[in-house]
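Shown below: protein38.txt, with compact mmCIF, C-alpha atoms and all ligand atoms.
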# COMPACT_ATOMS: atom_id res chain seq x y z
CA MET A 709 133.46 88.01 105.37
CA ILE A 710 132.49 89.86 102.18
CA PRO A 711 129.07 88.30 101.42
CA TYR A 712 128.08 87.21 97.90
CA GLY A 713 125.17 89.60 98.02
CA ARG A 714 123.62 92.01 100.47
CA GLN A 715 120.90 94.64 100.73
CA GLU A 716 121.34 98.37 101.21
CA ILE A 717 118.96 100.03 103.67
CA THR A 718 119.08 103.84 103.63
CA GLU A 719 117.66 106.41 106.07
CA ASP A 720 114.92 107.08 103.49
CA ASP A 721 113.96 103.40 103.56
CA ILE A 722 113.79 103.46 107.36
CA GLU A 723 111.74 106.66 107.33
CA ALA A 724 109.29 105.15 104.81
CA VAL A 725 108.74 102.08 107.00
CA VAL A 726 108.45 104.15 110.20
CA GLN A 727 105.79 106.31 108.57
CA VAL A 728 103.68 103.22 107.96
CA LEU A 729 104.30 102.03 111.52
CA ARG A 730 102.92 105.35 112.80
CA SER A 731 99.84 105.06 110.57
CA ASP A 732 96.60 103.16 111.23
CA LEU A 733 97.10 100.49 108.60
CA ILE A 734 100.12 98.22 108.78
CA THR A 735 98.86 95.32 106.67
CA GLN A 736 96.16 96.08 104.09
CA GLY A 737 96.22 99.77 103.16
CA PRO A 738 97.13 102.21 100.42
CA VAL A 739 100.86 101.48 100.12
CA VAL A 740 100.65 97.94 98.69
CA PRO A 741 98.57 99.11 95.69
CA ARG A 742 100.98 102.01 95.18
CA PHE A 743 103.93 99.62 95.15
CA GLU A 744 102.11 97.32 92.72
CA GLN A 745 101.38 100.20 90.38
CA ALA A 746 104.96 101.48 90.60
CA VAL A 747 106.49 98.10 89.73
CA ALA A 748 103.97 97.51 86.93
CA ASP A 749 104.70 100.99 85.52
CA TYR A 750 108.44 100.42 85.77
CA CYS A 751 108.13 97.22 83.70
CA GLY A 752 105.50 98.52 81.34
CA ALA A 753 103.02 95.86 82.53
CA GLY A 754 99.31 96.34 83.15
CA TYR A 755 98.97 94.88 86.64
CA GLY A 756 101.08 93.93 89.67
CA VAL A 757 100.04 91.56 92.46
CA ALA A 758 102.28 91.88 95.53
CA VAL A 759 102.71 88.84 97.78
CA ASN A 760 104.79 87.67 100.72
CA SER A 761 107.52 85.96 98.65
CA GLY A 762 108.69 85.20 95.15
CA THR A 763 107.76 81.59 95.84
CA SER A 764 104.16 82.58 96.61
CA ALA A 765 104.06 84.60 93.39
CA LEU A 766 105.17 81.52 91.43
CA HIS A 767 102.54 79.38 93.15
CA LEU A 768 99.72 81.85 92.44
CA ALA A 769 100.88 82.30 88.85
CA CYS A 770 100.66 78.54 88.30
CA LEU A 771 97.20 78.33 89.90
CA ALA A 772 95.90 81.32 87.93
CA LEU A 773 96.96 79.57 84.71
CA GLY A 774 95.01 76.51 85.76
CA LEU A 775 97.95 74.20 86.49
CA GLY A 776 96.77 71.12 88.36
CA PRO A 777 96.99 67.33 88.72
CA GLY A 778 97.73 65.60 85.42
CA ASP A 779 99.52 68.66 84.03
CA TRP A 780 103.25 69.22 83.48
CA LEU A 781 105.43 72.19 84.39
CA TRP A 782 108.87 72.43 82.82
CA THR A 783 111.68 74.63 84.06
CA SER A 784 115.47 74.83 84.10
CA PRO A 785 117.48 72.52 86.37
CA ILE A 786 119.84 75.44 87.15
CA THR A 787 117.62 77.51 89.42
CA PHE A 788 116.48 77.82 92.99
CA VAL A 789 114.15 74.94 93.95
CA ALA A 790 111.13 77.27 94.11
CA SER A 791 110.92 77.50 90.28
CA ALA A 792 110.06 73.79 90.21
CA ASN A 793 108.30 73.38 93.57
CA CYS A 794 105.48 75.71 92.48
CA GLY A 795 104.39 73.01 90.04
CA LEU A 796 104.37 70.34 92.73
CA TYR A 797 102.30 72.62 95.03
CA CYS A 798 99.57 72.51 92.37
CA GLY A 799 99.66 68.73 92.16
CA ALA A 800 101.25 68.89 88.70
CA SER A 801 104.31 66.93 87.56
CA VAL A 802 107.63 68.68 86.99
CA ASP A 803 110.26 68.13 84.33
CA PHE A 804 113.36 70.04 83.28
CA VAL A 805 114.97 71.36 80.09
CA ASP A 806 118.76 71.44 79.89
CA ILE A 807 120.62 74.75 79.76
CA ASP A 808 122.45 76.62 77.04
CA PRO A 809 126.22 76.23 77.60
CA HIS A 810 126.90 79.96 77.03
CA THR A 811 124.08 81.80 78.80
CA TYR A 812 123.31 79.01 81.32
CA ASN A 813 119.61 79.76 80.74
CA MET A 814 117.06 77.23 79.48
CA SER A 815 118.14 76.22 75.98
CA PRO A 816 115.44 76.93 73.37
CA GLU A 817 116.96 74.16 71.19
CA ALA A 818 116.69 71.62 74.01
CA LEU A 819 113.15 72.86 74.66
CA ALA A 820 112.19 72.42 70.99
CA GLU A 821 113.56 68.86 70.94
CA LYS A 822 111.82 67.91 74.15
CA LEU A 823 108.51 69.40 72.97
CA ALA A 824 108.62 67.40 69.72
CA VAL A 825 109.00 64.18 71.73
CA ALA A 826 106.38 65.21 74.29
CA GLU A 827 103.87 65.94 71.55
CA GLN A 828 104.22 62.40 70.21
CA GLU A 829 103.86 60.98 73.70
CA GLY A 830 100.88 63.20 74.50
CA ARG A 831 102.51 64.83 77.50
CA LEU A 832 103.07 68.44 76.47
CA PRO A 833 103.63 70.88 79.34
CA LYS A 834 100.88 73.27 80.39
CA VAL A 835 103.35 75.77 81.85
CA VAL A 836 107.01 76.48 81.07
CA VAL A 837 109.03 78.56 83.56
CA PRO A 838 112.12 80.12 81.98
CA VAL A 839 114.45 81.50 84.67
CA HIS A 840 116.49 84.63 83.91
CA LEU A 841 119.60 83.30 85.61
CA CYS A 842 121.91 85.89 87.19
CA GLY A 843 119.66 88.64 85.78
CA GLN A 844 120.18 87.90 82.08
CA SER A 845 116.93 87.33 80.16
CA CYS A 846 116.31 83.99 78.48
CA ASP A 847 115.82 83.90 74.71
CA MET A 848 112.16 84.80 75.15
CA ALA A 849 111.36 85.31 71.46
CA ALA A 850 112.37 81.71 70.72
CA ILE A 851 110.50 80.35 73.74
CA ARG A 852 107.41 82.38 72.83
CA ALA A 853 107.51 81.03 69.26
CA LEU A 854 107.45 77.50 70.71
CA SER A 855 104.57 78.39 73.02
CA ASP A 856 102.58 79.65 70.03
CA ARG A 857 103.21 76.35 68.28
CA TYR A 858 102.64 73.96 71.20
CA GLY A 859 100.16 75.96 73.29
CA PHE A 860 101.87 76.13 76.69
CA HIS A 861 101.74 79.11 79.04
CA ILE A 862 104.89 80.97 80.07
CA ILE A 863 105.76 82.24 83.55
CA GLU A 864 109.05 84.15 83.56
CA ASP A 865 110.91 83.58 86.83
CA ALA A 866 112.57 87.00 86.96
CA SER A 867 113.57 86.72 90.62
CA HIS A 868 117.08 87.81 89.53
CA ALA A 869 116.10 90.18 86.80
CA ILE A 870 114.05 93.20 87.86
CA GLY A 871 115.70 96.15 86.11
CA GLY A 872 117.10 93.96 83.33
CA ARG A 873 116.12 94.39 79.69
CA TYR A 874 115.54 92.19 76.65
CA LYS A 875 115.46 93.52 73.08
CA GLY A 876 115.33 97.04 74.48
CA GLU A 877 112.30 96.47 76.72
CA PRO A 878 112.14 95.91 80.49
CA VAL A 879 111.91 92.36 81.80
CA GLY A 880 108.31 92.05 82.99
CA CYS A 881 106.70 93.96 80.10
CA GLY A 882 104.86 90.77 79.23
CA ARG A 883 105.47 90.75 75.48
CA TYR A 884 106.56 87.11 75.54
CA SER A 885 104.80 85.59 78.55
CA ASP A 886 101.59 85.38 80.56
CA ILE A 887 103.05 86.34 83.93
CA THR A 888 106.46 87.51 85.22
CA VAL A 889 107.49 86.91 88.81
CA PHE A 890 109.93 88.93 90.94
CA SER A 891 111.47 88.17 94.35
CA PHE A 892 112.35 90.87 96.86
CA HIS A 893 114.44 88.71 99.18
CA PRO A 894 117.39 90.71 100.62
CA VAL A 895 120.00 89.11 98.34
CA LYS A 896 118.01 90.08 95.24
CA ILE A 897 118.12 93.41 93.35
CA ILE A 898 115.68 95.36 95.55
CA THR A 899 114.19 94.10 98.80
CA THR A 900 111.07 94.13 100.96
CA ALA A 901 112.73 91.69 103.44
CA GLU A 902 110.54 88.79 102.32
CA GLY A 903 108.29 89.56 99.38
CA GLY A 904 107.51 89.08 95.73
CA MET A 905 105.29 90.25 92.91
CA ALA A 906 103.61 88.83 89.83
CA VAL A 907 103.09 91.24 86.92
CA THR A 908 100.84 90.59 83.94
CA ASN A 909 98.91 92.36 81.19
CA ASP A 910 95.90 90.09 81.65
CA ALA A 911 93.22 91.59 83.91
CA GLU A 912 91.64 88.19 84.62
CA LEU A 913 94.93 86.60 85.68
CA ALA A 914 95.63 89.60 87.94
CA GLU A 915 92.19 89.34 89.51
CA ARG A 916 92.58 85.61 90.07
CA MET A 917 95.99 86.01 91.75
CA ASP A 918 94.64 88.88 93.83
CA ARG A 919 91.83 86.66 95.13
CA LEU A 920 94.04 83.61 95.69
CA ARG A 921 96.53 85.58 97.81
CA SER A 922 93.72 86.32 100.24
CA HIS A 923 91.95 83.00 100.88
CA GLY A 924 89.99 82.95 97.62
CA ILE A 925 87.66 85.56 99.13
CA THR A 926 85.84 88.19 97.10
CA ARG A 927 83.87 91.31 98.08
CA ASP A 928 82.80 91.93 94.49
CA PRO A 929 79.05 91.14 94.12
CA GLU A 930 79.67 90.33 90.44
CA GLN A 931 81.77 87.33 91.45
CA MET A 932 79.34 86.02 94.09
CA THR A 933 76.97 83.12 93.67
CA ARG A 934 74.06 85.16 95.07
CA GLU A 935 72.99 88.59 96.25
CA PRO A 936 75.13 89.83 99.19
CA ASP A 937 73.39 89.61 102.61
CA GLY A 938 74.57 93.18 103.30
CA PRO A 939 77.55 95.51 103.15
CA TRP A 940 79.55 93.21 105.46
CA TYR A 941 79.18 90.23 103.19
CA TYR A 942 82.00 88.40 101.42
CA GLN A 943 82.23 85.02 99.79
CA GLN A 944 85.02 82.49 99.57
CA ILE A 945 84.53 81.20 96.05
CA GLU A 946 87.67 79.04 95.81
CA LEU A 947 90.49 77.81 98.04
CA GLY A 948 93.18 80.47 98.43
CA PHE A 949 95.95 81.33 100.87
CA ASN A 950 97.19 84.13 103.07
CA TYR A 951 100.06 85.27 100.85
CA ARG A 952 99.55 89.00 101.35
CA MET A 953 102.34 91.57 101.50
CA THR A 954 102.26 94.02 104.42
CA GLU A 955 102.22 97.81 104.18
CA LEU A 956 105.63 97.87 105.90
CA GLN A 957 107.13 95.71 103.17
CA ALA A 958 105.50 97.70 100.39
CA ALA A 959 106.81 100.97 101.86
CA LEU A 960 110.32 99.54 101.89
CA GLY A 961 109.89 98.27 98.34
CA LEU A 962 108.62 101.62 97.04
CA SER A 963 111.56 103.39 98.62
CA GLN A 964 114.04 100.84 97.22
CA LEU A 965 112.47 101.03 93.77
CA GLN A 966 113.64 104.64 93.46
CA ARG A 967 117.24 103.36 93.46
CA LEU A 968 116.69 100.43 91.11
CA ASP A 969 118.29 102.03 88.06
CA ASP A 970 121.29 103.18 90.15
CA TYR A 971 121.65 99.67 91.52
CA ILE A 972 121.69 98.14 88.05
CA ALA A 973 124.29 100.68 86.89
CA GLN A 974 126.49 99.95 89.91
CA ARG A 975 126.15 96.19 89.44
CA GLN A 976 126.99 96.51 85.77
CA ALA A 977 130.08 98.63 86.50
CA LEU A 978 131.28 96.03 89.02
CA ALA A 979 130.66 93.23 86.52
CA GLU A 980 132.68 95.06 83.88
CA ARG A 981 135.56 95.50 86.31
CA TYR A 982 135.45 91.77 87.07
CA ASP A 983 135.38 90.98 83.34
CA ALA A 984 138.50 93.05 82.71
CA ALA A 985 140.43 91.91 85.77
CA LEU A 986 139.67 88.20 85.30
CA SER A 987 140.42 88.05 81.58
CA SER A 988 143.94 86.78 82.19
CA LEU A 989 142.85 84.04 84.62
CA PRO A 990 141.80 80.49 83.66
CA VAL A 991 138.11 81.26 84.15
CA VAL A 992 135.20 81.85 81.78
CA THR A 993 133.49 85.15 82.63
CA PRO A 994 129.72 85.50 82.12
CA TRP A 995 128.89 85.64 78.40
CA GLN A 996 126.22 88.18 77.56
CA HIS A 997 123.82 87.86 74.66
CA PRO A 998 123.87 91.15 72.68
CA GLU A 999 120.08 91.50 72.94
CA THR A 1000 120.06 91.39 76.75
CA GLU A 1001 121.00 93.89 79.44
CA SER A 1002 121.46 91.91 82.62
CA ALA A 1003 120.34 93.11 86.04
CA TRP A 1004 123.55 91.44 87.30
CA HIS A 1005 122.08 89.71 90.34
CA LEU A 1006 124.94 87.21 90.29
CA TYR A 1007 128.43 87.14 88.81
CA VAL A 1008 129.21 83.51 88.04
CA VAL A 1009 132.62 82.35 86.81
CA ARG A 1010 133.29 78.96 85.33
CA PHE A 1011 136.62 77.23 85.62
CA SER A 1012 138.11 76.20 82.33
CA VAL A 1013 137.79 72.46 81.80
CA GLN A 1014 141.58 72.08 81.87
CA GLN A 1015 141.44 72.68 85.63
CA ASP A 1016 141.13 69.44 87.55
CA SER A 1017 137.89 68.56 89.24
CA HIS A 1018 139.11 69.67 92.66
CA THR A 1019 139.70 73.25 91.57
CA ARG A 1020 136.26 74.59 92.40
CA ARG A 1021 136.17 73.14 95.88
CA LYS A 1022 139.71 74.26 96.68
CA VAL A 1023 139.12 77.79 95.39
CA PHE A 1024 135.82 77.97 97.31
CA GLU A 1025 137.53 76.97 100.54
CA ASP A 1026 140.60 79.18 100.01
CA LEU A 1027 138.45 82.22 99.22
CA ARG A 1028 136.23 81.62 102.23
CA SER A 1029 139.28 81.33 104.47
CA THR A 1030 140.47 84.75 103.29
CA GLY A 1031 137.08 86.32 104.00
CA VAL A 1032 135.57 86.19 100.51
CA GLY A 1033 132.04 84.77 100.76
CA THR A 1034 131.76 82.93 97.47
CA ASN A 1035 128.83 80.67 96.77
CA VAL A 1036 127.57 78.18 94.18
CA HIS A 1037 124.43 78.86 92.11
CA TYR A 1038 122.84 76.40 91.69
CA ILE A 1039 122.83 72.75 92.65
CA PRO A 1040 120.75 71.23 89.81
CA VAL A 1041 117.22 70.86 91.16
CA HIS A 1042 116.74 67.34 89.73
CA THR A 1043 119.67 66.10 91.86
CA GLN A 1044 117.94 67.11 95.11
CA PRO A 1045 116.75 64.07 97.08
CA HIS A 1046 113.11 65.14 96.82
CA TYR A 1047 113.38 65.12 93.03
CA GLN A 1048 115.47 61.94 92.95
CA ASN A 1049 112.56 60.34 94.83
CA LEU A 1050 110.30 61.50 92.01
CA GLY A 1051 112.42 59.48 89.57
CA PHE A 1052 115.10 61.85 88.28
CA SER A 1053 118.64 60.57 88.11
CA HIS A 1054 122.03 62.19 88.24
CA SER A 1055 122.81 62.13 84.53
CA ASP A 1056 119.54 63.47 83.15
CA PHE A 1057 120.71 66.98 82.23
CA PRO A 1058 124.43 66.76 81.40
CA ILE A 1059 125.09 70.41 80.52
CA ALA A 1060 123.50 71.57 83.76
CA GLU A 1061 125.55 69.06 85.73
CA GLU A 1062 128.79 70.01 84.01
CA PHE A 1063 127.99 73.66 84.75
CA TYR A 1064 127.34 72.92 88.41
CA SER A 1065 130.64 71.08 88.85
CA ASN A 1066 132.73 74.03 87.65
CA VAL A 1067 131.16 77.30 88.76
CA LEU A 1068 131.59 79.80 91.53
CA THR A 1069 129.64 82.97 92.34
CA LEU A 1070 131.79 85.96 93.23
CA PRO A 1071 130.44 88.63 95.60
CA LEU A 1072 128.47 91.37 93.84
CA PHE A 1073 126.27 94.02 95.44
CA PRO A 1074 125.83 97.71 94.69
CA THR A 1075 127.53 99.02 97.83
CA MET A 1076 130.67 96.97 97.22
CA LYS A 1077 133.75 99.21 97.47
CA GLU A 1078 136.50 99.27 94.88
CA ASP A 1079 139.07 98.02 97.40
CA GLN A 1080 136.77 95.13 98.36
CA GLN A 1081 136.56 94.12 94.71
CA GLU A 1082 140.35 94.45 94.33
CA TYR A 1083 140.76 92.21 97.36
CA ILE A 1084 138.47 89.56 95.86
CA ILE A 1085 140.26 89.67 92.50
CA THR A 1086 143.69 89.38 94.13
CA ALA A 1087 142.51 86.52 96.33
CA LEU A 1088 141.11 84.64 93.33
CA SER A 1089 144.30 85.19 91.30
CA GLU A 1090 146.40 83.81 94.15
CA CYS A 1091 144.15 80.75 94.55
CA LEU A 1092 144.54 79.98 90.85
CA ALA A 1093 148.29 80.72 90.66
C1 LIG A 1101 114.96 83.76 95.22
C2 LIG A 1101 114.37 82.96 94.13
C3 LIG A 1101 113.06 82.48 94.18
C4 LIG A 1101 112.21 82.55 95.40
O1 LIG A 1101 112.05 83.80 95.92
P1 LIG A 1101 111.65 83.99 97.46
O2 LIG A 1101 111.26 85.44 97.48
O3 LIG A 1101 112.87 83.71 98.27
O4 LIG A 1101 110.52 83.09 97.76
C5 LIG A 1101 112.55 81.83 93.07
N1 LIG A 1101 113.29 81.64 91.97
C6 LIG A 1101 114.57 82.06 91.89
C7 LIG A 1101 115.33 81.81 90.64
C8 LIG A 1101 115.15 82.72 92.97
O5 LIG A 1101 116.43 83.10 92.90
How does the structure come out when it is put into structure tokens?
Ligand SMILES: *Cc1c(COP(=O)(O)O)cnc(C)c1O
Amino acid sequence: MIPYGRQEITEDDIEAVVQVLRSDLITQGPVVPRFEQAVADYCGAGYGVAVNSGTSALHLACLALGLGPGDWLWTSPITFVASANCGLYCGASVDFVDIDPHTYNMSPEALAEKLAVAEQEGRLPKVVVPVHLCGQSCDMAAIRALSDRYGFHIIEDASHAIGGRYKGEPVGCGRYSDITVFSFHPVKIITTAEGGMAVTNDAELAERMDRLRSHGITRDPEQMTREPDGPWYYQQIELGFNYRMTELQAALGLSQLQRLDDYIAQRQALAERYDAALSSLPVVTPWQHPETESAWHLYVVRFSVQQDSHTRRKVFEDLRSTGVGTNVHYIPVHTQPHYQNLGFSHSDFPIAEEFYSNVLTLPLFPTMKEDQQEYIITALSECLA
């Protein structure tokens, strides 16, 4: 089966991890800070806080921004559940903003309309989480303009988008948001096995996330409530977690980061070949906003509405049976039973639901061979013939 995404692990990656294994420090040591600095530098951000998953990074970002009971977090319904769950972890309520029918990202128009209503009802969100779906940045300038007007914080969920650019700058530079979050799960652009990072330009937010990833403990006398008892002394000044990244993971991440630009170039070349080859088929290929350069985490095609409603399922099954591991990204979060139990219903976000009913993700990963891609394209053409 050709998977929809997969990691590449080189001999250099293995060597980097083995070096850490042979060293004294395999959890907290010098490599995690080096990885944080390298990712922050790559994005043009001030600080990076490495953690054990993208989900943990989202959770800490919400906590650092003060999200709690009585507050609202809004995100897109077309995302992985973690973009919404992070709000629930904090005891906040979650709501969604429908997507743009061309980019499939959170629609700034829908956001503006929903904010106007929320202002009247006195339930404006404290945090909005735009998700850069498939690696293409959201319209961050428009979302930022709304945040300036309505006063909400922005966490960019860039789990798909490290290496992508918006208006000529790297995703993660922080021009439009408080915090940007990356995931390093193996299907994503670069991997640390499990792992994630939050980047920010705000020293206080970085310090808060740093403390929260390690139990809420500080060794900085400035932060303590009284004089330290001695050099051994630490204080837990708030309730945190063990969300730390290991040295092994950071070594893998640092090694992978050296190939990030190559990966993006390879993904883009594959996407362009798909675009050209699929142009004669009854599918809509991914539309790209001219101000974005996608990291191409996912290549999502949409069946033209003329196709009957069974097309997607049939094509999915036919492709799988010929060894092409297609997938569907994503099932709208508000239709998950956990969210239905919170009061959402199946017709709340019609554009997201229409999108979900008609899309398929084609395999895309940097080590994909030309003949593999040809095979996928031929298989899809035959399914649709
Ligand atoms: C993968 C992903 C996450 C969660 O990342 P993990 O590292 O798996 O915890 C969050 N949001 C989106 C959009 C993702 O794709």
Exercise. Using all atoms listed in the file, which of the listed residues (A:Ile862, A:Ala1093, A:Ile1039, A:Ala911) sits closest to Gly880 in chain A?
Worked result: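 Of A:Ile862, A:Ala1093, A:Ile1039, A:Ala911, the one nearest Gly880 in chain A, counting all atoms listed in the file, is A:Ile862.
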Centre, x/y/z edge lengths, axis-aligned box for ligand LIG 1101 (chain A) with 5 Å per side, as lines of an AutoDock Vina configuration file:
center_x = 113.5
center_y = 83.5
center_z = 94.5
size_x = 15.9
size_y = 13.8
size_z = 17.6
Exercise. With distances taken over all atoms listed in the file, which of A:Glu817, A:Arg714, A:Arg1028, A:Tyr1038 is nearest to ligand LIG 1101 (chain A)?
Worked result: A:Tyr1038
Exercise. Which polymer residues have any atom within 12 Å of an atom of Glu716 in chain A, counting all atoms listed in the file, with same-chain residues fewer than 4 positions away left out, as an NGL selection string?
Worked result: :A and (720-722 or 894-901 or 960-961 or 963-965 or 967-968 or 971 or 1073-1076)
Problem set entry | Cut-off 10 Å, only C-alpha atoms and all ligand atoms, neighbours of ligand LIG 1101 (chain A) as a PyMOL selection string | chain A and resi 759-767+784+786-794+837-843+864-869+889-896+899-905+1005-1006+1037-1038
For this session: Would you be able to write out as JSON, numbers by chain which residues have an atom within 12 Å of (129.5, 85.6, 88.3) in the file's coordinates, counting only C-alpha atoms?
Result: {"A": [712, 713, 811, 812, 841, 842, 843, 844, 975, 976, 978, 979, 980, 981, 982, 983, 986, 991, 992, 993, 994, 995, 996, 1002, 1004, 1005, 1006, 1007, 1008, 1009, 1010, 1011, 1034, 1035, 1036, 1037, 1038, 1067, 1068, 1069, 1070, 1071, 1072, 1073]}
For this session: Counting only C-alpha atoms, figure out which residue out of A:Leu768, A:Ala758, A:Ala753, A:Leu1088 gets nearest to Val739 in chain A.
Result: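 Result for the nearest residue to Val739 in chain A: A:Ala758.
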